[in-house]
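The file input-v3.csv comes next; it holds CSV, C-alpha atoms.
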chain,number,residue,atom,x,y,z
F,391,MET,CA,-8.1,21.4,28.2
F,392,LYS,CA,-11.6,21.3,26.7
F,393,PRO,CA,-12.5,18.2,24.7
F,394,SER,CA,-13.0,20.4,21.6
F,395,GLY,CA,-9.5,21.8,22.0
F,396,ARG,CA,-7.8,18.3,21.8
F,397,PHE,CA,-6.5,16.9,18.6
F,398,LYS,CA,-9.0,14.7,16.6
F,399,ARG,CA,-8.4,11.0,16.9
F,400,ARG,CA,-9.0,8.0,14.7
F,401,TYR,CA,-9.1,4.4,16.0
F,402,VAL,CA,-8.0,1.7,13.5
F,403,SER,CA,-8.9,-1.9,14.5
F,404,PHE,CA,-6.6,-4.5,13.2
F,405,SER,CA,-5.9,-8.2,13.1
F,406,LEU,CA,-2.3,-9.4,13.8
F,407,SER,CA,-0.9,-12.8,13.0
F,408,VAL,CA,2.6,-14.2,13.0
F,409,ALA,CA,3.1,-17.4,11.0
F,410,GLY,CA,-0.7,-17.7,11.0
F,411,MET,CA,-1.1,-17.5,14.8
F,412,PRO,CA,-2.0,-14.5,17.0
F,413,PRO,CA,1.1,-13.5,19.1
F,414,SER,CA,1.0,-12.9,22.9
F,415,THR,CA,0.3,-9.4,24.2
F,416,ASP,CA,3.9,-8.6,24.9
F,417,ALA,CA,5.1,-9.9,21.5
F,418,ALA,CA,2.3,-8.0,19.7
F,419,ARG,CA,3.3,-4.8,21.6
F,420,LYS,CA,6.9,-5.2,20.6
F,421,ILE,CA,6.1,-6.1,17.0
F,422,ILE,CA,3.8,-3.1,16.5
F,423,HIS,CA,5.9,-0.6,18.3
F,424,GLU,CA,9.2,-1.6,16.6
F,425,HIS,CA,7.5,-1.7,13.2
F,426,PHE,CA,6.0,1.8,13.5
F,427,LEU,CA,9.2,3.2,15.0
F,428,SER,CA,11.4,1.8,12.2
F,429,PHE,CA,8.9,3.0,9.6
F,430,TYR,CA,8.2,6.5,10.8
F,431,GLY,CA,10.9,7.2,13.4
F,432,GLU,CA,10.4,9.1,16.7
F,433,LEU,CA,9.4,12.4,15.0
F,434,GLY,CA,6.9,10.6,12.7
F,435,ILE,CA,5.3,8.7,15.6
F,436,SER,CA,4.8,11.9,17.6
F,437,GLU,CA,3.2,13.6,14.6
F,438,LEU,CA,1.0,10.6,14.0
F,439,ALA,CA,0.0,10.5,17.7
F,440,PHE,CA,0.3,6.7,17.5
F,441,LYS,CA,-0.7,4.6,20.4
F,442,LEU,CA,-1.6,0.9,20.8
F,443,VAL,CA,-4.9,1.2,22.7
F,444,GLU,CA,-5.9,-2.4,23.0
F,445,TYR,CA,-5.0,-5.9,22.0
F,446,ASP,CA,-6.7,-9.3,22.6
F,447,GLN,CA,-4.2,-12.2,22.3
F,448,LYS,CA,-6.9,-14.8,21.9
F,449,SER,CA,-8.3,-13.3,18.7
F,450,GLY,CA,-5.2,-11.4,17.6
F,451,ARG,CA,-7.4,-8.3,17.2
F,452,GLY,CA,-6.5,-4.9,18.6
F,453,ILE,CA,-6.9,-1.1,18.2
F,454,ILE,CA,-4.4,1.6,17.5
F,455,ARG,CA,-5.0,5.3,17.8
F,456,CYS,CA,-3.7,8.0,15.4
F,457,ALA,CA,-4.4,11.6,14.5
F,458,ARG,CA,-7.3,12.3,12.2
F,459,GLY,CA,-5.1,13.3,9.2
F,460,GLY,CA,-2.7,10.4,9.7
F,461,ASN,CA,-5.0,7.4,9.3
F,462,ASP,CA,-3.8,6.7,5.8
F,463,LYS,CA,-0.2,6.8,7.0
F,464,ALA,CA,-1.0,4.4,9.8
F,465,ILE,CA,-2.8,2.0,7.5
F,466,PHE,CA,0.0,2.1,5.0
F,467,CYS,CA,2.5,1.3,7.7
F,468,MET,CA,0.3,-1.6,8.8
F,469,ALA,CA,0.1,-2.8,5.2
F,470,CYS,CA,3.9,-2.8,4.9
F,471,MET,CA,4.3,-5.4,7.7
F,472,HIS,CA,5.4,-8.5,5.8
F,473,GLU,CA,7.7,-10.5,8.0
F,474,TRP,CA,8.9,-10.6,11.6
F,475,GLU,CA,12.1,-12.4,12.7
F,476,GLY,CA,12.0,-14.6,9.6
F,477,LYS,CA,8.3,-15.5,10.0
F,478,THR,CA,5.5,-14.3,7.8
F,479,CYS,CA,3.6,-11.6,9.6
F,480,ARG,CA,0.3,-9.8,8.7
F,481,LEU,CA,-1.0,-6.7,10.3
F,482,GLU,CA,-4.4,-6.2,8.6
F,483,PRO,CA,-6.4,-3.0,9.2
F,484,ILE,CA,-10.1,-3.8,9.6
F,485,THR,CA,-12.1,-0.6,10.3
F,486,THR,CA,-11.4,3.0,11.0
F,487,SER,CA,-13.6,4.8,13.5
F,488,GLY,CA,-13.8,8.0,15.6
F,489,SER,CA,-14.4,6.2,18.9
F,490,VAL,CA,-13.0,3.1,20.6
F,491,ARG,CA,-16.5,1.7,21.2
F,492,LYS,CA,-17.3,1.7,17.4
F,493,ALA,CA,-13.8,0.3,16.6
F,494,LEU,CA,-14.4,-2.6,19.0
F,495,LYS,CA,-17.6,-3.5,17.1
F,496,GLY,CA,-15.6,-3.6,13.8
A,175,MET,CA,-11.3,-2.4,-7.4
A,176,ILE,CA,-9.3,-4.7,-9.7
A,177,ASP,CA,-5.9,-5.9,-8.5
A,178,LEU,CA,-3.0,-7.1,-10.7
A,179,VAL,CA,-1.1,-10.0,-9.2
A,180,ALA,CA,1.9,-12.1,-10.2
A,181,ALA,CA,0.5,-15.6,-9.4
A,182,GLU,CA,-2.7,-17.4,-10.2
A,183,LYS,CA,-5.4,-18.5,-7.7
A,184,LEU,CA,-4.5,-16.0,-5.0
A,185,PRO,CA,-7.2,-15.2,-2.4
A,186,LYS,CA,-9.2,-12.0,-2.9
A,187,GLU,CA,-9.1,-9.5,0.0
A,188,ALA,CA,-11.9,-7.1,1.1
A,189,GLY,CA,-12.8,-4.6,-1.6
A,190,ILE,CA,-11.0,-6.4,-4.4
A,191,VAL,CA,-13.5,-7.3,-7.1
A,192,GLU,CA,-11.0,-9.4,-9.2
A,193,ALA,CA,-7.4,-10.4,-8.9
A,194,VAL,CA,-6.0,-10.6,-12.4
A,195,PRO,CA,-2.6,-12.3,-13.0
A,196,PHE,CA,-0.5,-10.0,-15.2
A,197,SER,CA,0.6,-13.0,-17.3
A,198,ALA,CA,-3.0,-13.1,-18.7
A,199,LEU,CA,-2.7,-9.5,-20.1
A,200,LYS,CA,-1.3,-9.0,-23.5
A,201,ASN,CA,-0.7,-5.2,-22.9
A,202,PHE,CA,1.5,-5.7,-19.8
A,203,PHE,CA,5.2,-5.0,-20.4
A,204,GLN,CA,8.2,-5.3,-18.2
A,205,PRO,CA,11.1,-3.8,-20.3
A,206,LYS,CA,14.7,-4.8,-19.6
A,207,ASN,CA,16.4,-1.8,-21.2
A,208,PRO,CA,15.6,1.8,-22.1
A,209,GLY,CA,15.4,1.0,-25.9
A,210,GLU,CA,12.8,-1.7,-25.2
A,211,THR,CA,10.8,0.7,-23.0
A,212,ARG,CA,10.5,3.2,-25.9
A,213,ALA,CA,9.2,0.6,-28.3
A,214,GLN,CA,6.7,-0.8,-25.8
A,215,CYS,CA,5.4,2.6,-24.9
A,216,ARG,CA,4.1,3.1,-28.4
A,217,MET,CA,1.7,0.1,-28.1
A,218,LYS,CA,-2.0,1.1,-27.5
A,219,ASN,CA,-3.2,0.8,-23.9
A,220,ALA,CA,0.2,-0.4,-22.7
A,221,ILE,CA,0.7,-1.2,-19.0
A,222,LEU,CA,4.4,-0.4,-18.2
A,223,TYR,CA,6.0,-1.9,-15.2
A,224,SER,CA,9.6,-0.9,-14.4
A,225,LYS,CA,11.0,-2.5,-11.2
A,226,SER,CA,13.5,0.4,-10.8
A,227,TYR,CA,10.8,3.1,-11.4
A,228,GLU,CA,13.5,5.0,-13.4
A,229,ILE,CA,11.3,5.7,-16.4
A,230,ASP,CA,12.4,8.3,-19.0
A,231,GLU,CA,10.0,11.3,-19.2
A,232,GLY,CA,9.9,11.0,-23.0
A,233,ALA,CA,8.7,7.4,-22.7
A,234,ILE,CA,6.0,8.5,-20.2
A,235,LYS,CA,4.9,11.2,-22.7
A,236,GLU,CA,4.6,8.5,-25.4
A,237,LEU,CA,2.7,6.2,-23.0
A,238,ALA,CA,0.3,9.0,-22.2
A,239,GLY,CA,-0.3,9.6,-25.9
A,240,VAL,CA,-1.5,6.0,-26.5
A,241,GLY,CA,-3.6,5.8,-23.3
A,242,GLY,CA,-1.3,3.6,-21.4
A,243,SER,CA,-0.3,3.6,-17.7
A,244,VAL,CA,2.6,3.1,-15.3
A,245,VAL,CA,2.3,0.4,-12.7
A,246,PHE,CA,3.0,1.2,-9.0
A,247,SER,CA,3.4,-2.0,-7.1
A,248,LEU,CA,3.1,-2.5,-3.4
A,249,SER,CA,5.2,-5.7,-3.6
A,250,ASP,CA,8.2,-3.6,-4.5
A,251,ILE,CA,7.8,-1.8,-1.1
A,252,LEU,CA,7.3,-5.1,0.8
A,253,ARG,CA,10.4,-6.6,-0.8
A,254,GLU,CA,12.7,-3.8,0.6
A,255,LYS,CA,13.6,-3.0,4.1
A,256,GLY,CA,14.8,0.1,6.0
A,257,PHE,CA,16.6,2.7,4.0
A,258,ARG,CA,16.1,0.9,0.7
A,259,ARG,CA,12.4,1.0,1.2
A,260,GLY,CA,12.6,4.8,1.6
A,261,ILE,CA,14.5,5.1,-1.6
A,262,MET,CA,11.9,3.0,-3.4
A,263,LEU,CA,9.1,5.2,-2.2
A,264,SER,CA,11.0,8.3,-3.3
A,265,LYS,CA,11.5,6.8,-6.8
A,266,MET,CA,7.8,6.0,-7.0
A,267,ARG,CA,7.0,9.6,-6.0
A,268,LEU,CA,9.3,10.9,-8.8
A,269,ALA,CA,7.7,8.6,-11.3
A,270,LEU,CA,4.2,9.8,-10.2
A,271,SER,CA,5.3,13.4,-10.6
A,272,SER,CA,6.4,12.6,-14.2
A,273,CYS,CA,3.1,10.9,-14.9
A,274,ARG,CA,1.2,13.8,-13.5
A,275,LYS,CA,3.1,16.3,-15.7
A,276,SER,CA,2.4,14.3,-18.9
A,277,GLY,CA,-1.1,13.1,-18.0
A,278,CYS,CA,-0.2,9.5,-18.1
A,279,GLY,CA,-2.4,6.8,-16.5
A,280,LEU,CA,-1.6,5.4,-13.0
A,281,LEU,CA,-2.2,1.8,-12.1
A,282,VAL,CA,-1.8,0.9,-8.4
A,283,CYS,CA,-1.7,-2.8,-7.6
A,284,THR,CA,0.0,-5.4,-5.3
A,285,LEU,CA,1.6,-7.7,-8.0
A,286,ALA,CA,1.5,-10.2,-5.2
A,287,ALA,CA,3.3,-13.5,-5.8
A,288,ASP,CA,2.0,-15.2,-2.6
A,289,ALA,CA,-1.0,-15.1,-0.3
A,290,ASN,CA,0.9,-13.0,2.3
A,291,SER,CA,1.5,-10.2,-0.2
A,292,VAL,CA,-2.2,-9.8,-1.1
A,293,ARG,CA,-3.7,-6.6,0.3
A,294,THR,CA,-7.2,-5.1,0.7
A,295,ALA,CA,-8.6,-2.2,-1.3
A,296,ARG,CA,-8.3,0.1,1.7
A,297,GLU,CA,-4.6,-0.7,2.0
A,298,LEU,CA,-4.1,0.1,-1.7
A,299,GLU,CA,-5.9,3.4,-1.2
A,300,SER,CA,-3.6,4.3,1.7
A,301,PHE,CA,-0.6,3.4,-0.5
A,302,MET,CA,-2.0,5.8,-3.2
A,303,ALA,CA,-2.4,8.5,-0.5
A,304,VAL,CA,1.1,8.0,0.9
A,305,LEU,CA,2.5,8.3,-2.7
A,306,GLY,CA,0.9,11.7,-2.8
A,307,MET,CA,-2.1,11.1,-5.1
A,308,THR,CA,-5.1,13.4,-4.8
A,309,GLU,CA,-8.7,12.0,-4.4
A,310,GLN,CA,-9.2,12.7,-8.1
A,311,GLU,CA,-6.1,10.8,-9.1
A,312,MET,CA,-7.1,7.9,-6.9
A,313,THR,CA,-10.4,7.6,-8.6
A,314,LEU,CA,-8.7,7.8,-12.0
A,315,ALA,CA,-6.2,5.1,-11.0
A,316,LYS,CA,-9.1,2.8,-10.0
A,317,GLU,CA,-10.9,3.5,-13.3
A,318,CYS,CA,-7.6,3.1,-15.2
A,319,SER,CA,-7.0,-0.4,-13.8
A,320,GLU,CA,-10.5,-1.5,-14.9
A,321,ARG,CA,-10.2,0.0,-18.4
A,322,LEU,CA,-6.8,-1.4,-19.1
A,323,VAL,CA,-7.4,-4.9,-17.7
A,324,ARG,CA,-10.5,-5.2,-19.9
A,325,ALA,CA,-8.7,-3.7,-23.0

Before we go any further, please render this structure as structure tokens.
Amino acid sequence: MKPSGRFKRRYVSFSLSVAGMPPSTDAARKIIHEHFLSFYGELGISELAFKLVEYDQKSGRGIIRCARGGNDKAIFCMACMHEWEGKTCRLEPITTSGSVRKALKG
Amino acid sequence: MIDLVAAEKLPKEAGIVEAVPFSALKNFFQPKNPGETRAQCRMKNAILYSKSYEIDEGAIKELAGVGGSVVFSLSDILREKGFRRGIMLSKMRLALSSCRKSGCGLLVCTLAADANSVRTARELESFMAVLGMTEQEMTLAKECSERLVRA
């Protein structure tokens, strides 16, 4: 497929913390995947073209991918993260970008 | 963007110019029954907050007539989980539709009671977009919050 034929993507960089500390990569993957799945369901996730692209457990920062029209939905889902297994949890969106390189800078 | 919060001295997130506690506003009302709602909707520049989002269309029309607005709080979404969160979003959409019909003002805020519930301006914008607001309505909601808080 030509690059112009692919769906347009947006990359949202975020900062994740559970009880004020960044979780491990496995825990972060589980938290983000389960939260998005419970919020939008399997069909919603496929429409959103959601994917966890990168996560750095030292800083708690990472990047998710979504379809161009779905970045508001993705950010709202992130904003709805309030607690995880009884601990306070915050998934804060930082910047939205059209490329991973620019999202990393944010 | 101005944010209405429930507690004092909460941290300000990115894009939030001022976090105003609703207790400091004289025109902020949280009615307990429908009769009380009607009476408070007649006050000039009233800010009406109903936790259930089941506001009578007549009350919204009266509110629109006096330049008031209905509050849409993100804390009500955060408080709920699963199916109940979906119901809350649905009720908010219905209230938004009633406001749109009667030309009533919209006020989107966090009403955060603790630091973990405070959200950025971008997150509030995405909340507005998910509720179904147009770009124009989003701009009006931002202007409305500034106008009514200063009133």

Using all atoms listed in the file, what does the table of chain A residues within 10 Å of chain F look like, with each row giving the shortest atom pair and its distance in Å to one decimal, sorted by chain and ascending number, as a tab-separated table?
residue	atom	partner	partner_atom	distance
A:Ala188	CA	F:Ile484	CA	9.3
A:Leu248	CA	F:Cys470	CA	8.3
A:Ser249	CA	F:Cys470	CA	9.1
A:Ile251	CA	F:Cys470	CA	7.2
A:Leu252	CA	F:Cys470	CA	5.8
A:Arg253	CA	F:His472	CA	8.5
A:Glu254	CA	F:Cys470	CA	9.8
A:Lys255	CA	F:Phe429	CA	9.4
A:Gly256	CA	F:Ser428	CA	7.3
A:Phe257	CA	F:Phe429	CA	9.5
A:Arg259	CA	F:Phe429	CA	9.3
A:Gly260	CA	F:Phe429	CA	9.0
A:Asn290	CA	F:Arg480	CA	7.2
A:Ser291	CA	F:His472	CA	7.4
A:Val292	CA	F:Ala469	CA	9.7
A:Arg293	CA	F:Ala469	CA	7.3
A:Thr294	CA	F:Glu482	CA	8.5
A:Arg296	CA	F:Ile465	CA	8.2
A:Glu297	CA	F:Ala469	CA	6.1
A:Leu298	CA	F:Phe466	CA	8.1
A:Glu299	CA	F:Asp462	CA	8.0
A:Ser300	CA	F:Asp462	CA	4.8
A:Phe301	CA	F:Phe466	CA	5.7
A:Met302	CA	F:Phe466	CA	9.2
A:Ala303	CA	F:Asp462	CA	6.7
A:Val304	CA	F:Lys463	CA	6.4

_Nearest residue to Phe196 in chain A out of A:Cys215, A:Val244, A:Leu285, A:Leu305, using all atoms listed in the file?_
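Of A:Cys215, A:Val244, A:Leu285, A:Leu305, the one nearest Phe196 in chain A, counting all atoms listed in the file, is A:Leu285.
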
*Quick one: distance from CA of Glu182 in chain A to CA of Tyr223 in chain A in Å, one decimal?*
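Distance between the two atoms: 18.5 Å.
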
*One decimal, Å: what's the distance from CA of Tyr227 in chain A over to CA of Ser243 in chain A, could you say?*
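Result for CA of Tyr227 in chain A versus CA of Ser243 in chain A: 12.8 Å, one decimal.
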
*Counting all atoms listed in the file, what is within 12 Å of Arg455 in chain F, bar same-chain residues fewer than 2 positions away, as a PyMOL selection string?*
chain F and resi 397-404+435-436+438-445+452-453+457-461+463-465+485-490+493

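Proximity of A:Met175, A:Ala180, A:Cys278, A:Glu320 to Leu222 in chain A, computed with only C-alpha atoms, is greatest for A:Cys278.
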
*Please indicate the distance in Å from CA of His425 in chain F to CA of Leu270 in chain A, rounded to one decimal place.*
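Between these atoms lies a distance of 26.3 Å.
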
*Could you give me, as a ChimeraX atom specification, the residues that have an atom at most 9 Å away from the point (-4.6, -12.1, 27.3) in the coordinates of the file, using all atoms listed in the file?*
/F:414-415,445-448

I'd like the neighbourhood of Ala238 in chain A as a PDB file with C-alpha atoms, in the coordinates of the input, where a residue qualifies if any of its atoms comes within 12 Å (using all atoms listed in the file), though same-chain residues fewer than 2 positions away should be ignored.
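Written out: out-v5.pdb:
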ATOM      1  CA  CYS A 215       5.400   2.600 -24.900  1.00  0.00           C
ATOM      2  CA  ARG A 216       4.100   3.100 -28.400  1.00  0.00           C
ATOM      3  CA  MET A 217       1.700   0.100 -28.100  1.00  0.00           C
ATOM      4  CA  LYS A 218      -2.000   1.100 -27.500  1.00  0.00           C
ATOM      5  CA  ASN A 219      -3.200   0.800 -23.900  1.00  0.00           C
ATOM      6  CA  ALA A 220       0.200  -0.400 -22.700  1.00  0.00           C
ATOM      7  CA  ILE A 221       0.700  -1.200 -19.000  1.00  0.00           C
ATOM      8  CA  LEU A 222       4.400  -0.400 -18.200  1.00  0.00           C
ATOM      9  CA  GLU A 231      10.000  11.300 -19.200  1.00  0.00           C
ATOM     10  CA  GLY A 232       9.900  11.000 -23.000  1.00  0.00           C
ATOM     11  CA  ALA A 233       8.700   7.400 -22.700  1.00  0.00           C
ATOM     12  CA  ILE A 234       6.000   8.500 -20.200  1.00  0.00           C
ATOM     13  CA  LYS A 235       4.900  11.200 -22.700  1.00  0.00           C
ATOM     14  CA  GLU A 236       4.600   8.500 -25.400  1.00  0.00           C
ATOM     15  CA  VAL A 240      -1.500   6.000 -26.500  1.00  0.00           C
ATOM     16  CA  GLY A 241      -3.600   5.800 -23.300  1.00  0.00           C
ATOM     17  CA  GLY A 242      -1.300   3.600 -21.400  1.00  0.00           C
ATOM     18  CA  SER A 243      -0.300   3.600 -17.700  1.00  0.00           C
ATOM     19  CA  VAL A 244       2.600   3.100 -15.300  1.00  0.00           C
ATOM     20  CA  SER A 272       6.400  12.600 -14.200  1.00  0.00           C
ATOM     21  CA  CYS A 273       3.100  10.900 -14.900  1.00  0.00           C
ATOM     22  CA  ARG A 274       1.200  13.800 -13.500  1.00  0.00           C
ATOM     23  CA  LYS A 275       3.100  16.300 -15.700  1.00  0.00           C
ATOM     24  CA  SER A 276       2.400  14.300 -18.900  1.00  0.00           C
ATOM     25  CA  GLY A 277      -1.100  13.100 -18.000  1.00  0.00           C
ATOM     26  CA  CYS A 278      -0.200   9.500 -18.100  1.00  0.00           C
ATOM     27  CA  GLY A 279      -2.400   6.800 -16.500  1.00  0.00           C
ATOM     28  CA  LEU A 280      -1.600   5.400 -13.000  1.00  0.00           C
TER      29      LEU A 280
END
